[in-house]
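Novice: My structure is stored as start03.pdb, with PDB, C-alpha atoms.
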ATOM      1  CA  MET A   1     117.565 114.897 118.689
ATOM      2  CA  ARG A   2     121.317 115.310 118.341
ATOM      3  CA  PHE A   3     123.345 113.341 115.818
ATOM      4  CA  LEU A   4     126.934 112.977 116.982
ATOM      5  CA  LEU A   5     129.619 110.917 115.307
ATOM      6  CA  ASP A   6     131.324 108.292 117.423
ATOM      7  CA  ASP A   7     135.095 108.177 117.938
ATOM      8  CA  GLU A   8     135.655 105.753 115.069
ATOM      9  CA  GLN A   9     133.657 107.867 112.619
ATOM     10  CA  ARG A  10     135.487 111.035 113.673
ATOM     11  CA  ALA A  11     138.832 109.285 113.255
ATOM     12  CA  PHE A  12     137.765 108.178 109.782
ATOM     13  CA  ALA A  13     136.906 111.768 108.864
ATOM     14  CA  HIS A  14     140.216 113.046 110.213
ATOM     15  CA  SER A  15     142.185 110.422 108.279
ATOM     16  CA  LEU A  16     140.423 111.362 105.034
ATOM     17  CA  ASP A  17     141.005 115.050 105.712
ATOM     18  CA  ALA A  18     144.729 114.400 106.198
ATOM     19  CA  LEU A  19     144.913 112.263 103.039
ATOM     20  CA  LEU A  20     143.168 114.867 100.904
ATOM     21  CA  THR A  21     145.084 117.803 102.370
ATOM     22  CA  ALA A  22     148.352 116.110 101.430
ATOM     23  CA  ALA A  23     147.053 115.441  97.908
ATOM     24  CA  ASP A  24     146.834 119.142  96.925
ATOM     25  CA  THR A  25     143.355 118.677  95.483
ATOM     26  CA  PRO A  26     143.134 122.115  93.774
ATOM     27  CA  SER A  27     145.845 121.055  91.332
ATOM     28  CA  VAL A  28     144.090 117.706  90.818
ATOM     29  CA  VAL A  29     140.819 119.502  90.070
ATOM     30  CA  ARG A  30     142.444 121.759  87.489
ATOM     31  CA  SER A  31     144.106 118.817  85.740
ATOM     32  CA  TRP A  32     140.819 116.926  85.714
ATOM     33  CA  SER A  33     139.028 119.948  84.236
ATOM     34  CA  ALA A  34     141.602 120.017  81.418
ATOM     35  CA  GLY A  35     140.933 116.359  80.597
ATOM     36  CA  ASP A  36     144.091 115.006  82.242
ATOM     37  CA  HIS A  37     142.958 112.259  84.637
ATOM     38  CA  THR A  38     146.378 111.013  85.739
ATOM     39  CA  ALA A  39     146.493 112.777  89.102
ATOM     40  CA  GLY A  40     142.779 112.227  89.625
ATOM     41  CA  ARG A  41     143.068 108.471  89.108
ATOM     42  CA  ALA A  42     145.986 108.302  91.530
ATOM     43  CA  LEU A  43     143.928 110.125  94.136
ATOM     44  CA  TRP A  44     140.966 107.856  93.339
ATOM     45  CA  SER A  45     143.107 104.827  94.213
ATOM     46  CA  ARG A  46     144.102 106.338  97.548
ATOM     47  CA  ILE A  47     140.469 107.128  98.354
ATOM     48  CA  ALA A  48     139.544 103.528  97.493
ATOM     49  CA  ASP A  49     142.373 102.218  99.687
ATOM     50  CA  ALA A  50     140.864 104.255 102.531
ATOM     51  CA  GLY A  51     137.691 102.193 102.094
ATOM     52  CA  VAL A  52     135.342 104.893 100.839
ATOM     53  CA  PHE A  53     133.804 103.012  97.900
ATOM     54  CA  ALA A  54     133.579  99.777  99.884
ATOM     55  CA  LEU A  55     131.105 101.514 102.209
ATOM     56  CA  ALA A  56     128.349 101.125  99.596
ATOM     57  CA  ILE A  57     129.106  97.463  98.839
ATOM     58  CA  PRO A  58     128.141  94.345 100.830
ATOM     59  CA  GLU A  59     130.827  92.285 102.521
ATOM     60  CA  ALA A  60     130.031  89.339 100.239
ATOM     61  CA  TYR A  61     131.492  91.313  97.333
ATOM     62  CA  GLU A  62     134.645  92.665  99.030
ATOM     63  CA  GLY A  63     132.921  95.677 100.565
ATOM     64  CA  VAL A  64     132.249  96.614 104.176
ATOM     65  CA  GLY A  65     128.711  97.923 103.838
ATOM     66  CA  PRO A  66     126.272  99.120 103.087
ATOM     67  CA  LEU A  67     127.087 101.821 105.661
ATOM     68  CA  PRO A  68     125.266 105.039 104.636
ATOM     69  CA  VAL A  69     126.257 107.024 107.743
ATOM     70  CA  GLU A  70     129.955 106.357 107.215
ATOM     71  CA  LEU A  71     129.483 107.090 103.517
ATOM     72  CA  ALA A  72     128.018 110.485 104.422
ATOM     73  CA  VAL A  73     130.998 111.142 106.703
ATOM     74  CA  ALA A  74     133.364 110.364 103.820
ATOM     75  CA  PHE A  75     131.532 112.485 101.263
ATOM     76  CA  VAL A  76     131.526 115.523 103.530
ATOM     77  CA  GLU A  77     135.327 115.334 103.432
ATOM     78  CA  LEU A  78     135.391 114.730  99.673
ATOM     79  CA  GLY A  79     133.257 117.839  99.218
ATOM     80  CA  ARG A  80     135.356 119.824 101.661
ATOM     81  CA  HIS A  81     138.371 119.158  99.441
ATOM     82  CA  ALA A  82     136.498 119.503  96.103
ATOM     83  CA  VAL A  83     137.630 116.065  94.905
ATOM     84  CA  PRO A  84     136.671 115.615  91.223
ATOM     85  CA  GLY A  85     135.265 112.596  89.438
ATOM     86  CA  PRO A  86     132.090 110.482  89.394
ATOM     87  CA  LEU A  87     132.265 109.781  93.116
ATOM     88  CA  VAL A  88     128.510 109.909  93.642
ATOM     89  CA  GLU A  89     127.860 107.708  90.627
ATOM     90  CA  THR A  90     130.342 105.071  91.786
ATOM     91  CA  VAL A  91     128.599 104.657  95.155
ATOM     92  CA  ALA A  92     125.140 104.799  93.535
ATOM     93  CA  ALA A  93     125.965 102.081  90.989
ATOM     94  CA  PRO A  94     125.941  99.139  93.458
ATOM     95  CA  ALA A  95     122.217  99.660  94.060
ATOM     96  CA  LEU A  96     121.690  98.847  90.378
ATOM     97  CA  LEU A  97     123.835  95.717  90.510
ATOM     98  CA  THR A  98     122.225  93.681  93.270
ATOM     99  CA  GLU A  99     121.463  90.597  91.139
ATOM    100  CA  PRO A 100     124.066  88.012  92.259
ATOM    101  CA  GLY A 101     125.619  87.536  88.831
ATOM    102  CA  LEU A 102     126.001  91.270  88.267
ATOM    103  CA  ALA A 103     127.192  91.876  91.818
ATOM    104  CA  LYS A 104     129.919  89.249  91.507
ATOM    105  CA  ARG A 105     130.950  90.653  88.137
ATOM    106  CA  PHE A 106     131.135  94.355  88.991
ATOM    107  CA  LEU A 107     131.088  95.110  92.723
ATOM    108  CA  PRO A 108     134.596  93.953  93.710
ATOM    109  CA  GLY A 109     136.091  96.307  91.126
ATOM    110  CA  LEU A 110     134.027  99.205  92.415
ATOM    111  CA  ALA A 111     135.071  98.480  96.009
ATOM    112  CA  SER A 112     138.779  98.343  95.145
ATOM    113  CA  GLY A 113     138.721 101.487  93.008
ATOM    114  CA  GLU A 114     139.789  99.608  89.870
ATOM    115  CA  THR A 115     136.391 100.406  88.336
ATOM    116  CA  ILE A 116     135.085 103.966  88.020
ATOM    117  CA  ALA A 117     131.362 104.052  87.318
ATOM    118  CA  THR A 118     129.064 106.621  85.822
ATOM    119  CA  VAL A 119     125.281 106.313  85.712
ATOM    120  CA  ALA A 120     122.558 107.855  83.572
ATOM    121  CA  LEU A 121     118.900 107.456  84.531
ATOM    122  CA  ASP A 122     116.242 107.826  81.827
ATOM    123  CA  GLY A 123     118.432 109.598  79.302
ATOM    124  CA  SER A 124     119.982 112.065  81.710
ATOM    125  CA  TYR A 125     123.533 113.287  81.226
ATOM    126  CA  ALA A 126     126.234 111.070  82.718
ATOM    127  CA  LEU A 127     129.130 112.575  84.629
ATOM    128  CA  ASP A 128     132.725 112.070  83.473
ATOM    129  CA  GLY A 129     132.015 109.431  80.860
ATOM    130  CA  ASP A 130     135.509 109.962  79.493
ATOM    131  CA  ALA A 131     137.059 108.949  82.827
ATOM    132  CA  ALA A 132     134.677 106.150  83.804
ATOM    133  CA  THR A 133     135.356 102.513  82.987
ATOM    134  CA  LEU A 134     131.788 101.327  83.692
ATOM    135  CA  HIS A 135     128.889 103.124  81.989
ATOM    136  CA  LEU A 136     125.445 102.162  83.257
ATOM    137  CA  ALA A 137     122.236 103.417  81.668
ATOM    138  CA  VAL A 138     118.706 102.858  82.949
ATOM    139  CA  GLU A 139     115.770 103.361  80.631
ATOM    140  CA  GLY A 140     112.117 103.143  81.614
ATOM    141  CA  GLY A 141     110.393 104.316  84.764
ATOM    142  CA  GLU A 142     107.326 103.682  86.853
ATOM    143  CA  ASP A 143     104.964 104.389  83.957
ATOM    144  CA  ASP A 144     106.412 101.600  81.802
ATOM    145  CA  GLU A 145     104.329  98.439  82.199
ATOM    146  CA  GLY A 146     107.284  96.134  81.614
ATOM    147  CA  GLY A 147     109.594  97.944  83.996
ATOM    148  CA  GLY A 148     112.997  99.368  83.170
ATOM    149  CA  GLU A 149     116.120  98.176  81.413
ATOM    150  CA  LEU A 150     119.669  98.334  82.724
ATOM    151  CA  ARG A 151     122.358  98.324  80.053
ATOM    152  CA  LEU A 152     126.070  98.724  79.671
ATOM    153  CA  ALA A 153     126.167 101.917  77.629
ATOM    154  CA  GLN A 154     128.549 102.485  74.760
ATOM    155  CA  TRP A 155     131.224 105.144  75.099
ATOM    156  CA  HIS A 156     133.284 106.381  72.161
ATOM    157  CA  GLY A 157     135.479 109.113  73.618
ATOM    158  CA  HIS A 158     138.056 110.929  71.513
ATOM    159  CA  GLY A 159     139.515 113.401  73.962
ATOM    160  CA  GLN A 160     138.489 116.661  75.510
ATOM    161  CA  GLY A 161     136.517 119.145  73.485
ATOM    162  CA  GLN A 162     135.867 116.769  70.582
ATOM    163  CA  ARG A 163     132.498 115.397  69.626
ATOM    164  CA  GLN A 164     131.536 111.874  70.532
ATOM    165  CA  GLU A 165     129.715 109.591  68.114
ATOM    166  CA  HIS A 166     126.607 110.036  70.214
ATOM    167  CA  GLY A 167     126.890 113.715  71.081
ATOM    168  CA  PRO A 168     129.205 116.381  72.471
ATOM    169  CA  VAL A 169     130.838 116.468  75.849
ATOM    170  CA  ARG A 170     129.251 119.218  77.899
ATOM    171  CA  THR A 171     130.706 121.122  80.827
ATOM    172  CA  SER A 172     128.436 122.090  83.688
ATOM    173  CA  MET A 173     128.778 125.171  85.882
ATOM    174  CA  ASP A 174     131.675 123.276  87.441
ATOM    175  CA  PRO A 175     134.445 122.825  84.820
ATOM    176  CA  ALA A 176     135.525 119.640  86.613
ATOM    177  CA  ARG A 177     132.122 118.057  85.886
ATOM    178  CA  ARG A 178     132.154 116.866  82.261
ATOM    179  CA  LEU A 179     128.731 115.697  81.098
ATOM    180  CA  THR A 180     127.684 113.566  78.161
ATOM    181  CA  ARG A 181     124.809 111.498  76.816
ATOM    182  CA  LEU A 182     125.522 107.778  76.865
ATOM    183  CA  GLN A 183     124.631 105.616  73.873
ATOM    184  CA  GLU A 184     122.327 102.904  75.211
ATOM    185  CA  ASP A 185     121.438 101.283  71.847
ATOM    186  CA  GLY A 186     123.407  98.130  71.295
ATOM    187  CA  GLY A 187     124.840  97.985  74.787
ATOM    188  CA  GLU A 188     124.701  94.726  76.734
ATOM    189  CA  LEU A 189     121.379  94.242  78.489
ATOM    190  CA  LEU A 190     122.180  93.501  82.129
ATOM    191  CA  ALA A 191     118.675  93.324  83.575
ATOM    192  CA  ALA A 192     115.082  94.140  82.700
ATOM    193  CA  GLY A 193     111.756  94.293  84.486
ATOM    194  CA  PRO A 194     110.098  96.014  87.459
ATOM    195  CA  GLN A 195     113.092  95.195  89.662
ATOM    196  CA  VAL A 196     115.217  97.552  87.561
ATOM    197  CA  THR A 197     112.791 100.406  88.215
ATOM    198  CA  ALA A 198     112.933  99.689  91.956
ATOM    199  CA  ALA A 199     116.731  99.465  91.865
ATOM    200  CA  ALA A 200     116.951 102.781  90.006
ATOM    201  CA  ALA A 201     114.862 104.467  92.707
ATOM    202  CA  HIS A 202     117.160 103.023  95.392
ATOM    203  CA  SER A 203     120.217 104.131  93.433
ATOM    204  CA  LEU A 204     118.780 107.639  93.224
ATOM    205  CA  THR A 205     118.400 107.705  97.016
ATOM    206  CA  TRP A 206     122.069 106.775  97.468
ATOM    207  CA  ALA A 207     123.101 109.372  94.904
ATOM    208  CA  ARG A 208     121.126 112.103  96.647
ATOM    209  CA  LEU A 209     122.573 111.195 100.033
ATOM    210  CA  ALA A 210     126.136 111.356  98.707
ATOM    211  CA  THR A 211     125.403 114.615  96.875
ATOM    212  CA  ALA A 212     123.954 116.165 100.038
ATOM    213  CA  ALA A 213     127.042 115.179 102.023
ATOM    214  CA  GLN A 214     129.340 116.475  99.287
ATOM    215  CA  ALA A 215     127.451 119.780  99.219
ATOM    216  CA  LEU A 216     127.712 120.135 102.985
ATOM    217  CA  GLY A 217     131.476 119.666 102.737
ATOM    218  CA  VAL A 218     131.672 122.247  99.959
ATOM    219  CA  GLY A 219     129.730 124.731 102.080
ATOM    220  CA  LEU A 220     131.944 124.138 105.112
ATOM    221  CA  ALA A 221     135.081 124.703 103.023
ATOM    222  CA  LEU A 222     133.669 127.938 101.598
ATOM    223  CA  LEU A 223     132.797 129.176 105.065
ATOM    224  CA  ASP A 224     136.236 128.335 106.484
ATOM    225  CA  ARG A 225     138.020 130.032 103.600
ATOM    226  CA  THR A 226     135.840 133.114 103.830
ATOM    227  CA  VAL A 227     136.303 133.456 107.585
ATOM    228  CA  ALA A 228     140.074 133.287 107.094
ATOM    229  CA  TYR A 229     139.900 135.854 104.292
ATOM    230  CA  VAL A 230     137.856 138.461 106.177
ATOM    231  CA  LYS A 231     140.358 138.302 109.019
ATOM    232  CA  GLN A 232     143.134 139.300 106.603
ATOM    233  CA  ARG A 233     141.467 141.814 104.294
ATOM    234  CA  SER A 234     141.309 145.331 105.719
ATOM    235  CA  GLN A 235     139.254 148.444 105.046
ATOM    236  CA  PHE A 236     139.524 151.728 106.934
ATOM    237  CA  GLY A 237     142.472 150.262 108.781
ATOM    238  CA  VAL A 238     140.626 147.279 110.298
ATOM    239  CA  PRO A 239     139.845 143.726 109.138
ATOM    240  CA  ILE A 240     136.503 143.549 107.339
ATOM    241  CA  GLY A 241     135.634 140.605 109.569
ATOM    242  CA  SER A 242     135.088 143.086 112.381
ATOM    243  CA  PHE A 243     132.172 144.711 110.529
ATOM    244  CA  GLN A 244     128.779 143.786 111.916
ATOM    245  CA  ALA A 245     127.243 143.221 108.494
ATOM    246  CA  VAL A 246     130.007 140.747 107.577
ATOM    247  CA  LYS A 247     129.538 138.880 110.848
ATOM    248  CA  HIS A 248     125.813 138.583 110.199
ATOM    249  CA  ARG A 249     126.324 137.134 106.709
ATOM    250  CA  LEU A 250     128.794 134.566 107.988
ATOM    251  CA  ALA A 251     126.565 133.692 110.939
ATOM    252  CA  ASP A 252     123.634 133.078 108.589
ATOM    253  CA  ALA A 253     125.778 130.759 106.470
ATOM    254  CA  LYS A 254     127.008 128.911 109.552
ATOM    255  CA  VAL A 255     123.463 128.386 110.845
ATOM    256  CA  ALA A 256     122.274 127.088 107.461
ATOM    257  CA  LEU A 257     125.111 124.566 107.266
ATOM    258  CA  GLU A 258     124.696 123.405 110.845
ATOM    259  CA  PHE A 259     120.964 122.959 110.289
ATOM    260  CA  ALA A 260     121.720 120.741 107.295
ATOM    261  CA  ARG A 261     124.113 118.479 109.204
ATOM    262  CA  PRO A 262     121.569 116.631 111.415
ATOM    263  CA  LEU A 263     119.188 116.284 108.470
ATOM    264  CA  LEU A 264     121.989 114.613 106.509
ATOM    265  CA  PHE A 265     122.911 112.093 109.178
ATOM    266  CA  GLY A 266     119.294 111.524 110.144
ATOM    267  CA  ALA A 267     118.555 110.676 106.499
ATOM    268  CA  ALA A 268     121.578 108.362 106.415
ATOM    269  CA  LEU A 269     120.104 106.450 109.353
ATOM    270  CA  THR A 270     116.680 105.979 107.778
ATOM    271  CA  MET A 271     117.545 105.972 104.054
ATOM    272  CA  ASP A 272     113.947 107.001 103.489
ATOM    273  CA  PRO A 273     113.703 108.694 100.062
ATOM    274  CA  ALA A 274     111.772 111.658 101.495
ATOM    275  CA  ASP A 275     114.288 112.138 104.321
ATOM    276  CA  VAL A 276     117.171 111.980 101.873
ATOM    277  CA  ALA A 277     115.459 114.456  99.535
ATOM    278  CA  ALA A 278     114.970 116.851 102.458
ATOM    279  CA  ALA A 279     118.639 116.507 103.388
ATOM    280  CA  LYS A 280     119.725 117.114  99.817
ATOM    281  CA  VAL A 281     117.703 120.252  99.276
ATOM    282  CA  THR A 282     118.717 121.649 102.679
ATOM    283  CA  ALA A 283     122.434 120.906 102.307
ATOM    284  CA  CYS A 284     122.607 122.092  98.710
ATOM    285  CA  GLU A 285     120.715 125.310  99.429
ATOM    286  CA  ALA A 286     122.960 125.959 102.446
ATOM    287  CA  ALA A 287     126.068 125.428 100.314
ATOM    288  CA  TYR A 288     124.683 127.672  97.577
ATOM    289  CA  THR A 289     123.855 130.414 100.111
ATOM    290  CA  THR A 290     127.346 130.120 101.567
ATOM    291  CA  ALA A 291     128.838 130.332  98.071
ATOM    292  CA  ARG A 292     127.006 133.591  97.412
ATOM    293  CA  THR A 293     128.207 134.981 100.736
ATOM    294  CA  ALA A 294     131.770 133.870 100.031
ATOM    295  CA  LEU A 295     131.727 135.490  96.610
ATOM    296  CA  GLN A 296     130.382 138.780  97.923
ATOM    297  CA  LEU A 297     132.836 138.990 100.817
ATOM    298  CA  HIS A 298     135.840 138.117  98.663
ATOM    299  CA  GLY A 299     134.994 140.837  96.187
ATOM    300  CA  ALA A 300     136.433 140.834  92.677
ATOM    301  CA  ILE A 301     139.068 138.201  93.418
ATOM    302  CA  GLY A 302     136.295 135.683  94.032
ATOM    303  CA  TYR A 303     135.302 135.840  90.363
ATOM    304  CA  THR A 304     138.704 134.781  89.039
ATOM    305  CA  ALA A 305     139.171 131.191  87.875
ATOM    306  CA  GLU A 306     142.810 131.293  89.015
ATOM    307  CA  TYR A 307     141.771 131.789  92.642
ATOM    308  CA  ASP A 308     141.144 128.468  94.406
ATOM    309  CA  LEU A 309     137.833 129.653  95.854
ATOM    310  CA  SER A 310     136.290 129.261  92.398
ATOM    311  CA  LEU A 311     136.694 125.478  92.599
ATOM    312  CA  TRP A 312     134.191 125.358  95.460
ATOM    313  CA  LEU A 313     131.943 128.149  94.180
ATOM    314  CA  THR A 314     131.220 126.364  90.914
ATOM    315  CA  LYS A 315     130.779 123.005  92.607
ATOM    316  CA  ALA A 316     128.189 124.418  95.014
ATOM    317  CA  ARG A 317     126.161 125.677  92.052
ATOM    318  CA  ALA A 318     126.439 122.395  90.132
ATOM    319  CA  LEU A 319     125.532 120.148  93.061
ATOM    320  CA  ARG A 320     122.397 122.186  93.708
ATOM    321  CA  THR A 321     120.671 120.587  90.706
ATOM    322  CA  ALA A 322     122.595 117.297  90.451
ATOM    323  CA  TRP A 323     120.428 114.207  91.059
ATOM    324  CA  GLY A 324     117.313 116.265  91.583
ATOM    325  CA  THR A 325     116.544 119.974  91.506
ATOM    326  CA  PRO A 326     115.399 121.747  94.680
ATOM    327  CA  GLY A 327     111.863 121.702  93.309
ATOM    328  CA  GLU A 328     111.935 117.958  92.622
ATOM    329  CA  CYS A 329     113.264 117.196  96.093
ATOM    330  CA  ARG A 330     110.696 119.432  97.782
ATOM    331  CA  GLU A 331     107.922 117.764  95.798
ATOM    332  CA  LEU A 332     109.014 114.362  97.103
ATOM    333  CA  VAL A 333     109.125 115.626 100.680
ATOM    334  CA  LEU A 334     105.604 117.047 100.416
ATOM    335  CA  LYS A 335     104.019 113.866  99.002
TER
END
Would you kindly transcribe this structure into structure tokens?

Specialist:
Amino acid sequence: MRFLLDDEQRAFAHSLDALLTAADTPSVVRSWSAGDHTAGRALWSRIADAGVFALAIPEAYEGVGPLPVELAVAFVELGRHAVPGPLVETVAAPALLTEPGLAKRFLPGLASGETIATVALDGSYALDGDAATLHLAVEGGEDDEGGGELRLAQWHGHGQGQRQEHGPVRTSMDPARRLTRLQEDGGELLAAGPQVTAAAAHSLTWARLATAAQALGVGLALLDRTVAYVKQRSQFGVPIGSFQAVKHRLADAKVALEFARPLLFGAALTMDPADVAAAKVTACEAAYTTARTALQLHGAIGYTAEYDLSLWLTKARALRTAWGTPGECRELVLK
């Protein structure tokens, strides 16, 4: 079966690509990594105006969704341009806020981009807590007889590199991904019971879908940049892209990424947790393989933080384990 985007979906992707190209995202990523969110928030507003966050939110709460296929289209472009911030968390949060009172309270802000959400499930690290304005924490899983609890977590940020009252900010393999533990104790209890556990599982599915799409975009950007580079770099008087071994490495990366694409959009159609897990592990492994190829073919320059390629290399590594390791996703597929 072939999964082809229709004209409207392709136009949406092209419009996002144009928006993000004009935004000079490498400079935004570097500012975000340094703890300066000014440019990142401005870009966030433009992404929201393009309707990206509204895709995960029902029309009753000022959204246009839920539209998982269109969301996947958008996140491929966000990954292609290495856009920083808790993008995945913001589109995963609505699945936790389905109770009418909570939906009315929080979803319009998420759709408009005024609210930036981060989410922590069962004590996991939350992404970009210092930039988020809505901190959601879920405690309790399937083994808890009473179900889970959804709380507004406390955040006491004091700037980059300084300790929080509840623990230090941590940086992942990707410097633009700042991680922290949220302080659940004392936060407002939003919901409790088995429905929270079910909502957390649904939120995880959305998060994995968005992560898979983001990873695919990262891999495509790495491949495009590497192809352009091997056409320019010469050895023995000829471009290294003419070497058979280089062509084989790039072809392998291309095949891996193209194999991941239909799995991604097929999973977006079904939203079955196993399908989404398969898409995530396939897309993230393809991006990681492409990152290794890109690094090898760029040589020493690929290791330098000053070279823009590093922004995608580190993101490919970080996304590989975000919202589920390869092993965890494979285990779900094999159940």

Novice: Considering all atoms listed in the file, tabulate each residue of region 40-117 of chain A that lies at most 12 Å from region 181-198 of chain A along with its nearest interatomic pair and the corresponding distance in Å to one decimal; arrange the rows by chain and ascending residue number and present them as CSV.

Specialist:
residue,atom,partner,partner_atom,distance
A:Ala95,CA,A:Ala198,CA,9.5
A:Leu96,CA,A:Val196,CA,7.2
A:Leu97,CA,A:Leu190,CA,8.8
A:Thr98,CA,A:Val196,CA,9.8
A:Glu99,CA,A:Ala191,CA,8.5
A:Pro100,CA,A:Ala191,CA,11.5
A:Gly101,CA,A:Leu190,CA,9.6
A:Leu102,CA,A:Leu190,CA,7.6
A:Ala103,CA,A:Leu190,CA,11.0
A:Arg105,CA,A:Leu190,CA,11.0
A:Phe106,CA,A:Leu190,CA,11.3

Novice: Keeping only C-alpha atoms, write the selected residues to a file as a PDB file, keeping the file's coordinate frame.

Specialist:
ATOM      1  CA  ALA A  95     122.217  99.660  94.060  1.00  0.00           C
ATOM      2  CA  LEU A  96     121.690  98.847  90.378  1.00  0.00           C
ATOM      3  CA  LEU A  97     123.835  95.717  90.510  1.00  0.00           C
ATOM      4  CA  THR A  98     122.225  93.681  93.270  1.00  0.00           C
ATOM      5  CA  GLU A  99     121.463  90.597  91.139  1.00  0.00           C
ATOM      6  CA  PRO A 100     124.066  88.012  92.259  1.00  0.00           C
ATOM      7  CA  GLY A 101     125.619  87.536  88.831  1.00  0.00           C
ATOM      8  CA  LEU A 102     126.001  91.270  88.267  1.00  0.00           C
ATOM      9  CA  ALA A 103     127.192  91.876  91.818  1.00  0.00           C
ATOM     10  CA  ARG A 105     130.950  90.653  88.137  1.00  0.00           C
ATOM     11  CA  PHE A 106     131.135  94.355  88.991  1.00  0.00           C
TER      12      PHE A 106
END

Novice: With distances taken over all atoms listed in the file, which of A:Arg80, A:Ile240, A:Leu220, A:Ala54 is nearest to Thr25 (chain A)?

Specialist: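 Going through A:Arg80, A:Ile240, A:Leu220, A:Ala54 one by one, the smallest distance to Thr25 (chain A) is for A:Arg80.
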
Novice: Any chance you could work out the residue set of the PyMOL selection byres ((chain A and resi 70) around 12) here, as a ChimeraX atom specification?

Specialist: /A:5-6,8-13,16,51-56,64-69,71-77,209-210,213,264-265,268-269

Novice: Considering only C-alpha atoms, can you say which of A:Arg317, A:Arg261, A:His14, A:Lys280 comes closest to Ala50 (chain A)?

Specialist: A:His14

Novice: Just checking: using only C-alpha atoms, which residue out of A:Val28, A:Leu179, A:Leu204, A:Leu43 ends up closest to Val88 (chain A)?

Specialist: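 That would be A:Leu204, the residue with the smallest distance to Val88 (chain A).
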
Novice: So, with only C-alpha atoms as the atoms that count, which of A:Arg233, A:Arg320, A:Asp308, A:Glu331 lies closest to Ala274 (chain A)?

Specialist: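 Distance minimum relative to Ala274 (chain A) lands on A:Glu331.
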
Novice: Which residue out of A:Ala137, A:Ala300, A:Ala93, A:Leu257 has the minimum interatomic distance to Ala117 (chain A) when only C-alpha atoms are used?

Specialist: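 Once distances to Ala117 (chain A) are computed over only C-alpha atoms, the minimum belongs to A:Ala93.
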
Novice: Any idea what the distance is between CA of Leu311 (chain A) and CA of Glu89 (chain A)?

Specialist: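 Computing the Euclidean distance for CA of Leu311 (chain A) and CA of Glu89 (chain A) yields 19.9 Å.
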
Novice: Show me the residues close to (117.5, 120.9, 106.1) - anything with an atom within 7 Å, counting only C-alpha atoms - and format the list as a PyMOL selection string.

Specialist: chain A and resi 259-260+263+278-279+281-283

Novice: What does the distance between CA of Val276 (chain A) and CA of Arg208 (chain A) come to in Å, to one decimal place?

Specialist: 6.6 Å

Novice: Please, what distance in Å, to one decimal, runs between CA of Ala207 (chain A) and CA of Tyr303 (chain A)?

Specialist: 29.5 Å

Novice: Which neighbours of region 122-134 of chain A fall inside 8 Å, counting only C-alpha atoms, when residues of the same chain fewer than 2 positions from it are skipped, and could you give them as a ChimeraX atom specification?

Specialist: /A:37,85-86,89,115-120,136-141,152,155,157,159,177-182

Novice: So which residues get picked by the PyMOL selection byres ((chain A and resi 82) around 9) here, written as a list in words?

Specialist: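 Taken on the displayed file, the PyMOL selection byres ((chain A and resi 82) around 9) yields the residues Thr25, Pro26, Val29, Glu77, Leu78, Gly79, Arg80, His81, Val83, Pro84, Gln214, Gly217, Val218, Ala221, Leu311, Trp312 and Lys315 of chain A.
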
Novice: Determine, counting only C-alpha atoms, every residue of protein, DNA or RNA that lies within 9 Å of (141.1, 118.2, 84.3) in the file coordinates, then give the result as a PyMOL selection string.

Specialist: chain A and resi 27-37+40+84+175-176

Novice: To test your reading of the syntax: which residues would the PyMOL selection byres ((chain A and resi 230) around 10) return for the file shown? Reply as JSON, numbers by chain.

Specialist: {"A": [225, 226, 227, 228, 229, 231, 232, 233, 234, 239, 240, 241, 242, 243, 246, 247, 294, 297, 298]}

Novice: So which one's closest to Thr90 (chain A), A:Lys104, A:Thr21, A:Trp206, A:Asp49? Using all atoms listed in the file, please.

Specialist: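 Answer, going by the shortest atom-to-atom distance: A:Trp206.
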
Novice: Take every atom of region 79-84 of chain A listed in the file, fit an axis-aligned box around them, add 4 Å per side, and give the centre and edge lengths in Å to one decimal as AutoDock Vina command-line options.

Specialist:
--center_x 135.8 --center_y 117.7 --center_z 96.4 --size_x 13.1 --size_y 12.2 --size_z 18.4
